[in-house]
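Peer 1: You'll find coords08.pdb just under this line, and it carries PDB, C-alpha atoms.
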```
ATOM      1  CA  MET Q 258     -25.407 -15.336  16.485
ATOM      2  CA  PHE Q 259     -26.633 -12.659  18.851
ATOM      3  CA  TYR Q 260     -29.349 -10.251  17.922
ATOM      4  CA  ILE Q 261     -28.552  -7.283  20.141
ATOM      5  CA  TYR Q 262     -30.733  -4.355  21.165
ATOM      6  CA  CYS Q 263     -28.736  -1.109  20.980
ATOM      7  CA  PRO Q 264     -30.141   1.278  23.599
ATOM      8  CA  TYR Q 265     -28.938   4.304  21.591
ATOM      9  CA  CYS Q 266     -30.292   3.265  18.180
ATOM     10  CA  GLY Q 267     -33.397   1.790  19.814
ATOM     11  CA  GLU Q 268     -33.272  -1.244  17.526
ATOM     12  CA  HIS Q 269     -32.084  -4.821  17.402
ATOM     13  CA  ARG Q 270     -28.980  -5.271  15.237
ATOM     14  CA  GLU Q 271     -26.841  -8.170  14.126
ATOM     15  CA  GLU Q 272     -23.933  -9.187  16.309
ATOM     16  CA  GLU Q 273     -21.359  -8.403  13.605
ATOM     17  CA  GLU Q 274     -22.015  -4.694  14.165
ATOM     18  CA  PHE Q 275     -20.830  -5.006  17.781
ATOM     19  CA  HIS Q 276     -17.658  -5.700  19.721
ATOM     20  CA  ALA Q 277     -17.435  -7.009  23.280
ATOM     21  CA  LYS Q 278     -15.178  -4.957  25.519
ATOM     22  CA  GLY Q 279     -14.978  -7.031  28.683
ATOM     23  CA  GLN Q 280     -16.439  -6.701  32.153
ATOM     24  CA  ALA Q 281     -18.733  -3.746  32.872
ATOM     25  CA  HIS Q 282     -18.812  -1.490  35.920
ATOM     26  CA  LEU Q 283     -15.106  -1.720  36.681
ATOM     27  CA  ALA Q 284     -14.289   1.045  39.134
ATOM     28  CA  ARG Q 285     -10.810   2.454  38.715
ATOM     29  CA  PRO Q 286      -9.194   3.042  42.131
ATOM     30  CA  LYS Q 287      -9.551   6.729  42.938
ATOM     31  CA  ASP Q 288      -5.943   7.053  44.056
ATOM     32  CA  PRO Q 289      -3.770   4.519  42.208
ATOM     33  CA  ASP Q 290      -0.671   5.636  44.125
ATOM     34  CA  ALA Q 291      -2.280   4.564  47.376
ATOM     35  CA  CYS Q 292      -3.076   1.038  46.076
ATOM     36  CA  SER Q 293      -1.124  -2.024  47.056
ATOM     37  CA  ASP Q 294       0.314  -3.999  44.156
ATOM     38  CA  GLU Q 295      -2.342  -6.616  44.752
ATOM     39  CA  GLU Q 296      -5.227  -4.149  44.574
ATOM     40  CA  TRP Q 297      -3.855  -2.553  41.409
ATOM     41  CA  GLY Q 298      -3.118  -5.931  39.852
ATOM     42  CA  ASN Q 299      -6.640  -7.106  40.586
ATOM     43  CA  PHE Q 300      -8.098  -4.005  38.985
ATOM     44  CA  LEU Q 301      -5.890  -4.251  35.931
ATOM     45  CA  TYR Q 302      -5.738  -7.970  35.162
ATOM     46  CA  PHE Q 303      -8.109 -10.190  37.112
ATOM     47  CA  ARG Q 304     -11.703 -10.749  36.050
ATOM     48  CA  PRO Q 305     -14.300 -13.138  37.437
ATOM     49  CA  ASN Q 306     -15.563 -15.895  35.173
ATOM     50  CA  PRO Q 307     -18.993 -16.630  36.628
ATOM     51  CA  ARG Q 308     -21.470 -19.223  35.476
ATOM     52  CA  GLY Q 309     -24.693 -17.316  34.989
ATOM     53  CA  LEU Q 310     -25.354 -13.601  35.136
ATOM     54  CA  TYR Q 311     -22.531 -11.402  33.869
ATOM     55  CA  HIS Q 312     -22.432  -7.707  33.008
ATOM     56  CA  GLU Q 313     -20.359  -6.762  29.989
ATOM     57  CA  LEU Q 314     -19.355  -3.603  28.177
ATOM     58  CA  TRP Q 315     -20.088  -3.660  24.446
ATOM     59  CA  VAL Q 316     -19.650  -1.121  21.675
ATOM     60  CA  HIS Q 317     -21.883  -0.657  18.631
ATOM     61  CA  ALA Q 318     -18.763  -0.365  16.472
ATOM     62  CA  ILE Q 319     -20.427  -0.404  13.047
ATOM     63  CA  GLY Q 320     -23.427   1.694  13.865
ATOM     64  CA  CYS Q 321     -23.762   4.507  16.354
ATOM     65  CA  ARG Q 322     -20.291   3.826  17.859
ATOM     66  CA  LYS Q 323     -21.603   4.168  21.418
ATOM     67  CA  PHE Q 324     -20.596   2.017  24.364
ATOM     68  CA  PHE Q 325     -23.323   0.361  26.410
ATOM     69  CA  ASN Q 326     -23.761  -2.491  28.878
ATOM     70  CA  ILE Q 327     -25.224  -5.942  28.443
ATOM     71  CA  ALA Q 328     -26.404  -8.300  31.175
ATOM     72  CA  ARG Q 329     -25.856 -11.783  29.794
ATOM     73  CA  ASP Q 330     -26.150 -15.339  31.000
ATOM     74  CA  THR Q 331     -22.833 -17.068  30.350
ATOM     75  CA  GLN Q 332     -24.462 -20.472  30.509
ATOM     76  CA  THR Q 333     -27.330 -20.005  28.069
ATOM     77  CA  TYR Q 334     -25.881 -17.004  26.162
ATOM     78  CA  GLU Q 335     -29.215 -15.292  26.691
ATOM     79  CA  ILE Q 336     -29.028 -11.488  26.696
ATOM     80  CA  LEU Q 337     -31.157 -10.452  29.643
ATOM     81  CA  GLU Q 338     -31.018  -6.697  29.206
ATOM     82  CA  THR Q 339     -29.026  -3.891  27.583
ATOM     83  CA  TYR Q 340     -28.728  -0.433  29.077
ATOM     84  CA  ARG Q 341     -26.896   2.823  28.491
ATOM     85  CA  ILE Q 342     -23.682   3.887  30.167
ATOM     86  CA  GLY Q 343     -24.492   5.577  33.467
ATOM     87  CA  GLU Q 344     -27.674   3.577  33.997
ATOM     88  CA  SER Q 345     -28.016   0.804  36.547
ATOM     89  CA  PRO Q 346     -28.906  -2.740  35.552
ATOM     90  CA  LYS Q 347     -32.284  -4.088  36.612
ATOM     91  CA  LEU Q 348     -30.657  -7.432  37.256
ATOM     92  CA  SER Q 349     -27.675  -7.651  39.565
ATOM     93  CA  GLN Q 350     -25.929 -10.296  41.509
ATOM     94  CA  SER Q 351     -22.962  -9.912  43.790
ATOM     95  CA  THR Q 352     -20.986 -12.708  42.086
ATOM     96  CA  ASP Q 353     -20.030 -10.626  39.079
ATOM     97  CA  GLN Q 354     -19.234  -7.439  40.952
ATOM     98  CA  GLN Q 355     -15.532  -7.132  41.502
ATOM     99  CA  GLN Q 356     -14.316  -5.761  44.784
ATOM    100  CA  SER Q 357     -12.130  -2.767  44.207
TER     101      SER Q 357
ATOM    102  CA  MET E 224      -4.451  14.659   0.145
ATOM    103  CA  SER E 225      -3.377  16.072  -3.168
ATOM    104  CA  ASP E 226      -6.984  17.010  -3.950
ATOM    105  CA  VAL E 227      -7.015  19.841  -1.503
ATOM    106  CA  THR E 228      -5.244  23.141  -1.490
ATOM    107  CA  ASN E 229      -5.642  25.642   1.275
ATOM    108  CA  THR E 230      -6.468  28.904  -0.394
ATOM    109  CA  ALA E 231      -7.498  31.057   2.497
ATOM    110  CA  VAL E 232      -7.429  31.265   6.244
ATOM    111  CA  ASP E 233     -10.369  33.245   7.488
ATOM    112  CA  SER E 234      -9.252  35.780  10.045
ATOM    113  CA  THR E 235     -12.807  36.710  11.036
ATOM    114  CA  ALA E 236     -13.580  33.217  12.354
ATOM    115  CA  THR E 237     -14.112  32.493  16.018
ATOM    116  CA  PRO E 238     -10.843  32.923  17.884
ATOM    117  CA  GLY E 239      -9.087  29.603  18.348
ATOM    118  CA  VAL E 240     -10.654  28.039  15.255
ATOM    119  CA  ALA E 241      -8.501  27.799  12.148
ATOM    120  CA  LEU E 242     -11.169  27.859   9.484
ATOM    121  CA  MET E 243      -9.976  27.373   5.946
ATOM    122  CA  ASP E 244     -11.516  27.018   2.543
ATOM    123  CA  GLN E 245     -10.464  23.570   1.374
ATOM    124  CA  GLN E 246     -11.911  24.008  -2.097
ATOM    125  CA  PRO E 247      -9.060  23.923  -4.633
ATOM    126  CA  ASP E 248      -8.974  26.539  -7.364
ATOM    127  CA  ASP E 249      -9.720  25.597 -10.961
ATOM    128  CA  SER E 250      -6.089  24.812 -11.792
ATOM    129  CA  VAL E 251      -6.193  21.786  -9.480
ATOM    130  CA  PRO E 252      -8.004  18.764 -10.898
ATOM    131  CA  ALA E 253     -10.315  17.276  -8.269
ATOM    132  CA  ARG E 254     -10.561  13.498  -8.242
ATOM    133  CA  SER E 255     -13.261  11.635  -6.422
ATOM    134  CA  PRO E 256     -12.589   8.214  -4.846
ATOM    135  CA  LEU E 257     -14.328   6.592  -7.825
ATOM    136  CA  HIS E 258     -12.884   8.746 -10.597
ATOM    137  CA  HIS E 259     -11.298   5.660 -12.147
ATOM    138  CA  VAL E 260     -14.457   3.617 -12.706
ATOM    139  CA  ALA E 261     -16.373   3.878 -15.939
ATOM    140  CA  GLN E 262     -19.612   5.785 -15.457
ATOM    141  CA  ALA E 263     -21.957   6.890 -18.217
ATOM    142  CA  GLN E 264     -22.727  10.591 -18.026
ATOM    143  CA  THR E 265     -25.725  10.678 -20.335
ATOM    144  CA  GLY E 266     -28.435   9.106 -18.217
ATOM    145  CA  GLU E 267     -29.330   6.726 -21.057
ATOM    146  CA  VAL E 268     -30.328   3.448 -19.439
ATOM    147  CA  SER E 269     -30.545   0.248 -21.436
ATOM    148  CA  ALA E 270     -33.913  -1.481 -21.397
ATOM    149  CA  ASN E 271     -32.822  -4.530 -19.414
ATOM    150  CA  ALA E 272     -31.040  -2.680 -16.589
ATOM    151  CA  ARG E 273     -33.081  -2.847 -13.405
ATOM    152  CA  VAL E 274     -30.393  -1.364 -11.172
ATOM    153  CA  SER E 275     -28.421   1.845 -11.643
ATOM    154  CA  ILE E 276     -25.281   2.614  -9.663
ATOM    155  CA  TRP E 277     -23.391   5.871  -9.781
ATOM    156  CA  GLU E 278     -21.246   8.088  -7.635
ATOM    157  CA  GLU E 279     -22.176  11.550  -6.500
ATOM    158  CA  PRO E 280     -18.624  12.847  -6.337
ATOM    159  CA  LEU E 281     -16.990  15.647  -4.400
ATOM    160  CA  LYS E 282     -19.944  16.768  -2.350
ATOM    161  CA  THR E 283     -19.785  18.724   0.883
ATOM    162  CA  HIS E 284     -19.739  16.434   3.906
ATOM    163  CA  LEU E 285     -19.827  18.170   7.286
ATOM    164  CA  ILE E 286     -20.002  16.368  10.613
ATOM    165  CA  LEU E 287     -21.921  18.275  13.282
ATOM    166  CA  ARG E 288     -21.522  17.291  16.892
ATOM    167  CA  GLY E 289     -23.391  18.754  19.807
ATOM    168  CA  ASP E 290     -26.145  18.228  22.321
ATOM    169  CA  ALA E 291     -29.569  17.955  20.669
ATOM    170  CA  ALA E 292     -31.159  19.075  23.943
ATOM    171  CA  ALA E 293     -29.205  22.348  23.955
ATOM    172  CA  ALA E 294     -31.236  25.166  22.394
ATOM    173  CA  GLY E 295     -28.118  27.023  21.209
ATOM    174  CA  PHE E 296     -27.069  24.030  19.117
ATOM    175  CA  ARG E 297     -30.473  22.925  17.889
ATOM    176  CA  GLU E 298     -31.621  26.397  16.862
ATOM    177  CA  GLY E 299     -28.207  27.238  15.385
ATOM    178  CA  VAL E 300     -28.394  24.233  13.050
ATOM    179  CA  GLN E 301     -31.928  25.238  12.085
ATOM    180  CA  ALA E 302     -30.853  28.822  11.391
ATOM    181  CA  ALA E 303     -27.784  27.880   9.341
ATOM    182  CA  THR E 304     -29.196  24.993   7.321
ATOM    183  CA  GLY E 305     -32.967  25.433   7.462
ATOM    184  CA  LEU E 306     -33.174  21.834   8.672
ATOM    185  CA  ASP E 307     -34.334  20.490  12.029
ATOM    186  CA  LEU E 308     -32.074  18.038  13.806
ATOM    187  CA  PRO E 309     -33.439  14.609  12.851
ATOM    188  CA  GLU E 310     -34.570  12.077  15.420
ATOM    189  CA  PRO E 311     -32.535   8.849  15.816
ATOM    190  CA  LEU E 312     -32.235   6.892  12.532
ATOM    191  CA  GLN E 313     -33.995   9.658  10.608
ATOM    192  CA  SER E 314     -32.967  12.333   8.119
ATOM    193  CA  GLN E 315     -34.175  15.708   6.919
ATOM    194  CA  SER E 316     -33.634  17.217   3.511
ATOM    195  CA  LYS E 317     -34.390  20.502   1.846
ATOM    196  CA  GLY E 318     -33.217  21.565  -1.589
ATOM    197  CA  ASP E 319     -29.652  20.405  -2.142
ATOM    198  CA  TRP E 320     -28.942  19.784   1.543
ATOM    199  CA  SER E 321     -29.615  16.773   3.709
ATOM    200  CA  LEU E 322     -29.010  16.166   7.396
ATOM    201  CA  SER E 323     -28.729  12.592   8.685
ATOM    202  CA  TRP E 324     -28.635  11.216  12.213
ATOM    203  CA  ILE E 325     -25.408   9.294  12.820
ATOM    204  CA  THR E 326     -25.247   8.871  16.609
ATOM    205  CA  PRO E 327     -27.118  10.563  19.496
ATOM    206  CA  ASP E 328     -24.729  13.532  19.359
ATOM    207  CA  GLU E 329     -23.602  13.478  15.736
ATOM    208  CA  TRP E 330     -25.183  14.388  12.406
ATOM    209  CA  LEU E 331     -23.942  14.362   8.815
ATOM    210  CA  LEU E 332     -24.722  17.366   6.641
ATOM    211  CA  VAL E 333     -24.388  16.764   2.882
ATOM    212  CA  GLY E 334     -24.715  19.381   0.165
ATOM    213  CA  PRO E 335     -23.223  20.812  -3.034
ATOM    214  CA  GLY E 336     -19.460  20.422  -3.253
ATOM    215  CA  ASP E 337     -18.553  24.065  -3.666
ATOM    216  CA  GLN E 338     -20.413  25.288  -0.583
ATOM    217  CA  ALA E 339     -18.477  23.589   2.226
ATOM    218  CA  PHE E 340     -16.689  26.723   3.361
ATOM    219  CA  THR E 341     -19.806  28.911   3.144
ATOM    220  CA  MET E 342     -21.859  26.445   5.145
ATOM    221  CA  GLU E 343     -19.163  25.838   7.743
ATOM    222  CA  SER E 344     -18.749  29.589   8.248
ATOM    223  CA  ARG E 345     -22.508  30.032   8.577
ATOM    224  CA  LEU E 346     -22.732  27.196  11.111
ATOM    225  CA  ARG E 347     -19.938  28.681  13.199
ATOM    226  CA  GLU E 348     -21.756  32.019  13.224
ATOM    227  CA  GLN E 349     -25.028  30.472  14.331
ATOM    228  CA  LEU E 350     -24.020  27.698  16.716
ATOM    229  CA  GLU E 351     -23.594  28.384  20.415
ATOM    230  CA  GLY E 352     -22.203  26.393  23.291
ATOM    231  CA  HIS E 353     -20.179  23.202  23.060
ATOM    232  CA  TYR E 354     -20.169  21.900  19.495
ATOM    233  CA  ALA E 355     -17.936  20.700  16.662
ATOM    234  CA  VAL E 356     -18.123  21.173  12.897
ATOM    235  CA  VAL E 357     -15.687  19.102  10.857
ATOM    236  CA  ASN E 358     -15.318  18.947   7.096
ATOM    237  CA  VAL E 359     -14.979  15.243   6.298
ATOM    238  CA  GLY E 360     -15.550  15.584   2.548
ATOM    239  CA  GLY E 361     -12.065  14.279   1.776
ATOM    240  CA  GLY E 362     -12.711  11.058   3.683
ATOM    241  CA  GLN E 363     -15.944   9.782   2.239
ATOM    242  CA  SER E 364     -18.086   9.737  -0.845
ATOM    243  CA  ILE E 365     -21.615   8.916  -1.887
ATOM    244  CA  VAL E 366     -22.710   5.989  -4.046
ATOM    245  CA  ARG E 367     -26.280   6.028  -5.306
ATOM    246  CA  LEU E 368     -28.234   2.860  -5.913
ATOM    247  CA  SER E 369     -31.470   3.082  -7.821
ATOM    248  CA  GLY E 370     -33.891   0.932  -9.755
ATOM    249  CA  THR E 371     -36.628  -1.621  -9.256
ATOM    250  CA  GLU E 372     -34.202  -4.246  -7.941
ATOM    251  CA  ALA E 373     -32.090  -1.881  -5.813
ATOM    252  CA  ARG E 374     -33.568  -3.292  -2.633
ATOM    253  CA  SER E 375     -32.728  -6.849  -3.722
ATOM    254  CA  VAL E 376     -29.102  -5.803  -4.123
ATOM    255  CA  LEU E 377     -29.059  -4.455  -0.568
ATOM    256  CA  MET E 378     -30.844  -7.527   0.775
ATOM    257  CA  LYS E 379     -27.972  -9.762  -0.206
ATOM    258  CA  SER E 380     -25.277  -7.240   0.691
ATOM    259  CA  CYS E 381     -26.109  -6.290   4.262
ATOM    260  CA  PRO E 382     -27.581  -7.991   7.334
ATOM    261  CA  TYR E 383     -29.978  -5.137   8.059
ATOM    262  CA  ASP E 384     -33.679  -5.584   7.288
ATOM    263  CA  VAL E 385     -34.391  -3.252   4.361
ATOM    264  CA  HIS E 386     -38.046  -4.213   3.998
ATOM    265  CA  ASP E 387     -40.441  -1.294   3.435
ATOM    266  CA  ARG E 388     -42.054  -1.597   6.850
ATOM    267  CA  HIS E 389     -38.661  -1.608   8.603
ATOM    268  CA  PHE E 390     -36.804   0.840   6.377
ATOM    269  CA  PRO E 391     -39.215   3.571   5.247
ATOM    270  CA  VAL E 392     -38.185   6.498   3.060
ATOM    271  CA  GLY E 393     -36.061   8.970   5.047
ATOM    272  CA  LYS E 394     -34.539   6.439   7.431
ATOM    273  CA  VAL E 395     -30.760   6.367   7.921
ATOM    274  CA  VAL E 396     -28.848   3.338   9.168
ATOM    275  CA  THR E 397     -25.131   2.768   9.551
ATOM    276  CA  THR E 398     -24.553  -0.931   9.105
ATOM    277  CA  VAL E 399     -22.432  -3.630   7.527
ATOM    278  CA  LEU E 400     -22.299  -3.619   3.721
ATOM    279  CA  GLY E 401     -20.273  -6.401   2.177
ATOM    280  CA  LYS E 402     -17.384  -6.721   4.597
ATOM    281  CA  THR E 403     -17.165  -3.049   5.466
ATOM    282  CA  GLN E 404     -19.486  -0.405   6.842
ATOM    283  CA  ALA E 405     -21.671   2.130   5.116
ATOM    284  CA  THR E 406     -24.423   4.576   5.968
ATOM    285  CA  LEU E 407     -27.614   3.766   4.086
ATOM    286  CA  ARG E 408     -30.330   6.325   3.518
ATOM    287  CA  ARG E 409     -33.537   5.662   1.664
ATOM    288  CA  LEU E 410     -34.420   8.543  -0.660
ATOM    289  CA  GLY E 411     -37.417   6.927  -2.313
ATOM    290  CA  ASP E 412     -39.074   3.565  -2.880
ATOM    291  CA  ASN E 413     -36.358   2.507  -5.334
ATOM    292  CA  ASP E 414     -33.696   5.034  -4.505
ATOM    293  CA  TRP E 415     -30.882   4.683  -1.980
ATOM    294  CA  GLU E 416     -27.903   6.772  -0.943
ATOM    295  CA  ILE E 417     -24.839   4.998   0.445
ATOM    296  CA  VAL E 418     -22.162   7.004   2.252
ATOM    297  CA  VAL E 419     -18.887   5.091   1.998
ATOM    298  CA  ARG E 420     -15.404   5.618   3.353
ATOM    299  CA  ARG E 421     -13.012   6.886   0.696
ATOM    300  CA  SER E 422     -10.650   3.929   0.964
ATOM    301  CA  PHE E 423     -13.521   1.434   0.714
ATOM    302  CA  ALA E 424     -15.283   3.146  -2.194
ATOM    303  CA  ASP E 425     -13.692   0.929  -4.831
ATOM    304  CA  TYR E 426     -14.471  -2.212  -2.814
ATOM    305  CA  ILE E 427     -18.124  -1.272  -2.355
ATOM    306  CA  TRP E 428     -18.438  -0.219  -5.985
ATOM    307  CA  ARG E 429     -17.183  -3.617  -7.153
ATOM    308  CA  TRP E 430     -19.308  -5.412  -4.582
ATOM    309  CA  LEU E 431     -22.464  -3.634  -5.737
ATOM    310  CA  LEU E 432     -21.690  -4.201  -9.421
ATOM    311  CA  ASP E 433     -21.241  -7.902  -8.724
ATOM    312  CA  ALA E 434     -24.370  -8.108  -6.583
ATOM    313  CA  ALA E 435     -26.443  -6.230  -9.166
ATOM    314  CA  SER E 436     -25.166  -8.075 -12.229
ATOM    315  CA  GLU E 437     -27.954 -10.682 -12.105
ATOM    316  CA  HIS E 438     -30.562  -7.925 -12.458
ATOM    317  CA  GLY E 439     -28.855  -6.028 -15.271
ATOM    318  CA  VAL E 440     -26.864  -3.055 -14.099
ATOM    319  CA  HIS E 441     -26.325   0.417 -15.470
ATOM    320  CA  THR E 442     -23.377   2.408 -14.154
ATOM    321  CA  GLY E 443     -24.223   6.064 -14.308
ATOM    322  CA  PRO E 444     -26.878   8.409 -13.031
ATOM    323  CA  LEU E 445     -30.478   8.177 -14.105
ATOM    324  CA  LEU E 446     -31.729  10.939 -16.365
ATOM    325  CA  SER E 447     -33.902  12.353 -13.588
ATOM    326  CA  ALA E 448     -30.878  12.516 -11.276
ATOM    327  CA  VAL E 449     -28.713  14.171 -13.935
ATOM    328  CA  LYS E 450     -31.281  16.931 -14.350
ATOM    329  CA  GLY E 451     -31.594  17.563 -10.665
ATOM    330  CA  GLN E 452     -27.903  17.519  -9.921
ATOM    331  CA  ALA E 453     -25.643  20.529  -9.898
ATOM    332  CA  SER E 454     -22.677  20.071 -12.190
ATOM    333  CA  HIS E 455     -19.438  19.080 -10.483
ATOM    334  CA  LYS E 456     -16.019  19.937 -11.713
ATOM    335  CA  THR E 457     -14.574  16.474 -12.083
ATOM    336  CA  ASP E 458     -11.522  15.110 -13.749
ATOM    337  CA  THR E 459     -12.483  11.893 -15.453
ATOM    338  CA  SER E 460      -9.078  11.046 -16.848
ATOM    339  CA  THR E 461      -7.453   7.932 -15.473
ATOM    340  CA  VAL E 462      -4.214   7.945 -13.570
TER     341      VAL E 462
END
```
Could I get this structure in the form of structure tokens?
Peer 2:
Amino acid sequence: MFYIYCPYCGEHREEEEFHAKGQAHLARPKDPDACSDEEWGNFLYFRPNPRGLYHELWVHAIGCRKFFNIARDTQTYEILETYRIGESPKLSQSTDQQQS
Amino acid sequence: MSDVTNTAVDSTATPGVALMDQQPDDSVPARSPLHHVAQAQTGEVSANARVSIWEEPLKTHLILRGDAAAAGFREGVQAATGLDLPEPLQSQSKGDWSLSWITPDEWLLVGPGDQAFTMESRLREQLEGHYAVVNVGGGQSIVRLSGTEARSVLMKSCPYDVHDRHFPVGKVVTTVLGKTQATLRRLGDNDWEIVVRRSFADYIWRWLLDAASEHGVHTGPLLSAVKGQASHKTDTSTV
């Protein structure tokens, strides 16, 4: 059971109030028509599955209904930080940044 | 929604906004989401009931959306309602009206049921800039929970910490209640307001009755609440 800090409510809340929405910081190609099939396919379908630091998008679904990002360790399940959309994580590592 | 009849379209409203009075005339019986449950109307509470549960039916529920940092929005809300925009997880109340924080750009304004159109019109006159005012009164209702064991009922119904030091009077929290969601607001030490979705009202009502049964439960408003409450035109007949 996670106990998650919502950066908009400014409080820790139970995990059942939240939903995970997949990898964070995915950059949509600026001109999809100019993409090769491989580039578009990678953007649309392929996600890394790292062991360790991973940045995820979550939504406080039963609560303030805002999306925010979580930096999480996939090995220990420890939540290292949560931050609002548009902010940069304090922790970053090239392994979980997808090339786009 | 059979409860609602459009009686007027205001031609003086801001261009591009179809503002209508959704209050039905007296020939249309208004039914709240909990019109079918048995609620005492007298305020007489039996000696062994330590929890009271009742519905505050057919109130005005307006959602305000806007930027709290924008003066045109903040001051417009103050001018129309007399209430300051509450800080996160807080609420303001004055007279019959209360304003609760829902998300960083959304607030819930609750007041007497027959004043939705008046208040919405006043807000649209006062607000400036990018904003939204939506009447959501048909989609939700208010359940009140009161009594010395009211907090115990919430403690076993939701995962949120409702202890006094974590949930002081005036705080508002949208959280899980039973297996659905509800917006909890603490009105007093033993007095809570629960905003529920219309379609989940019956579920939450039954959940609370079950949870409160060990403490002795009274379904109906307390005498003090009956006195302070404006009378609502309700149809109590069953379908």
Peer 1: Could you give me, as a Markdown table, every chain Q residue with an atom at most 8 Å from chain E, plus its closest atom pair and distance in Å to one decimal, counting only C-alpha atoms, rows ordered by chain then number?
Peer 2:
```
| residue | atom | partner | partner_atom | distance |
| --- | --- | --- | --- | --- |
| Q:Tyr265 | CA | E:Pro327 | CA | 6.8 |
| Q:Cys266 | CA | E:Pro311 | CA | 6.5 |
| Q:Arg270 | CA | E:Tyr383 | CA | 7.2 |
| Q:Glu271 | CA | E:Pro382 | CA | 6.8 |
| Q:Glu273 | CA | E:Val399 | CA | 7.8 |
| Q:Glu274 | CA | E:Val399 | CA | 6.7 |
| Q:Ile319 | CA | E:Thr398 | CA | 5.7 |
| Q:Gly320 | CA | E:Thr397 | CA | 4.8 |
| Q:Cys321 | CA | E:Thr326 | CA | 4.6 |
| Q:Arg322 | CA | E:Thr326 | CA | 7.2 |
| Q:Lys323 | CA | E:Thr326 | CA | 7.7 |
```
Peer 1: Save out the residues we just selected, C-alpha atoms, as a PDB file, in the frame of the given file.
Peer 2:
```pdb
ATOM      1  CA  TYR Q 265     -28.938   4.304  21.591  1.00  0.00           C
ATOM      2  CA  CYS Q 266     -30.292   3.265  18.180  1.00  0.00           C
ATOM      3  CA  ARG Q 270     -28.980  -5.271  15.237  1.00  0.00           C
ATOM      4  CA  GLU Q 271     -26.841  -8.170  14.126  1.00  0.00           C
ATOM      5  CA  GLU Q 273     -21.359  -8.403  13.605  1.00  0.00           C
ATOM      6  CA  GLU Q 274     -22.015  -4.694  14.165  1.00  0.00           C
ATOM      7  CA  ILE Q 319     -20.427  -0.404  13.047  1.00  0.00           C
ATOM      8  CA  GLY Q 320     -23.427   1.694  13.865  1.00  0.00           C
ATOM      9  CA  CYS Q 321     -23.762   4.507  16.354  1.00  0.00           C
ATOM     10  CA  ARG Q 322     -20.291   3.826  17.859  1.00  0.00           C
ATOM     11  CA  LYS Q 323     -21.603   4.168  21.418  1.00  0.00           C
TER      12      LYS Q 323
END
```
Peer 1: Can you list, as a PyMOL selection string, the residues that the PyMOL selection byres ((chain E and resi 298-301) around 10) selects here?
Peer 2: chain E and resi 287+291+293-297+302-308+322+345-352
Peer 1: Output C-alpha atoms of each residue in that selection to a file, as a PDB file, in the frame of the given file.
Peer 2:
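Everything below was put into out-v8.pdb:
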```
ATOM      1  CA  LEU E 287     -21.921  18.275  13.282  1.00  0.00           C
ATOM      2  CA  ALA E 291     -29.569  17.955  20.669  1.00  0.00           C
ATOM      3  CA  ALA E 293     -29.205  22.348  23.955  1.00  0.00           C
ATOM      4  CA  ALA E 294     -31.236  25.166  22.394  1.00  0.00           C
ATOM      5  CA  GLY E 295     -28.118  27.023  21.209  1.00  0.00           C
ATOM      6  CA  PHE E 296     -27.069  24.030  19.117  1.00  0.00           C
ATOM      7  CA  ARG E 297     -30.473  22.925  17.889  1.00  0.00           C
ATOM      8  CA  ALA E 302     -30.853  28.822  11.391  1.00  0.00           C
ATOM      9  CA  ALA E 303     -27.784  27.880   9.341  1.00  0.00           C
ATOM     10  CA  THR E 304     -29.196  24.993   7.321  1.00  0.00           C
ATOM     11  CA  GLY E 305     -32.967  25.433   7.462  1.00  0.00           C
ATOM     12  CA  LEU E 306     -33.174  21.834   8.672  1.00  0.00           C
ATOM     13  CA  ASP E 307     -34.334  20.490  12.029  1.00  0.00           C
ATOM     14  CA  LEU E 308     -32.074  18.038  13.806  1.00  0.00           C
ATOM     15  CA  LEU E 322     -29.010  16.166   7.396  1.00  0.00           C
ATOM     16  CA  ARG E 345     -22.508  30.032   8.577  1.00  0.00           C
ATOM     17  CA  LEU E 346     -22.732  27.196  11.111  1.00  0.00           C
ATOM     18  CA  ARG E 347     -19.938  28.681  13.199  1.00  0.00           C
ATOM     19  CA  GLU E 348     -21.756  32.019  13.224  1.00  0.00           C
ATOM     20  CA  GLN E 349     -25.028  30.472  14.331  1.00  0.00           C
ATOM     21  CA  LEU E 350     -24.020  27.698  16.716  1.00  0.00           C
ATOM     22  CA  GLU E 351     -23.594  28.384  20.415  1.00  0.00           C
ATOM     23  CA  GLY E 352     -22.203  26.393  23.291  1.00  0.00           C
TER      24      GLY E 352
END
```
Peer 1: How far is it from CA of Phe340 in chain E to CA of Ser422 in chain E, in Å with one decimal?
Peer 2: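 If I compute the distance from CA of Phe340 in chain E to CA of Ser422 in chain E, I get 23.7 Å.
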Peer 1: Which residues match the PyMOL selection byres ((chain Q and resi 300) around 12) in the file above, as a compact mmCIF listing (two decimals) with C-alpha atoms, keeping the file's coordinate frame?
Peer 2:
```
# COMPACT_ATOMS: atom_id res chain seq x y z
CA GLN Q 280 -16.44 -6.70 32.15
CA HIS Q 282 -18.81 -1.49 35.92
CA LEU Q 283 -15.11 -1.72 36.68
CA ALA Q 284 -14.29 1.04 39.13
CA ARG Q 285 -10.81 2.45 38.72
CA PRO Q 286 -9.19 3.04 42.13
CA LYS Q 287 -9.55 6.73 42.94
CA PRO Q 289 -3.77 4.52 42.21
CA CYS Q 292 -3.08 1.04 46.08
CA SER Q 293 -1.12 -2.02 47.06
CA ASP Q 294 0.31 -4.00 44.16
CA GLU Q 295 -2.34 -6.62 44.75
CA GLU Q 296 -5.23 -4.15 44.57
CA TRP Q 297 -3.86 -2.55 41.41
CA GLY Q 298 -3.12 -5.93 39.85
CA ASN Q 299 -6.64 -7.11 40.59
CA LEU Q 301 -5.89 -4.25 35.93
CA TYR Q 302 -5.74 -7.97 35.16
CA PHE Q 303 -8.11 -10.19 37.11
CA ARG Q 304 -11.70 -10.75 36.05
CA PRO Q 305 -14.30 -13.14 37.44
CA GLN Q 354 -19.23 -7.44 40.95
CA GLN Q 355 -15.53 -7.13 41.50
CA GLN Q 356 -14.32 -5.76 44.78
CA SER Q 357 -12.13 -2.77 44.21
```
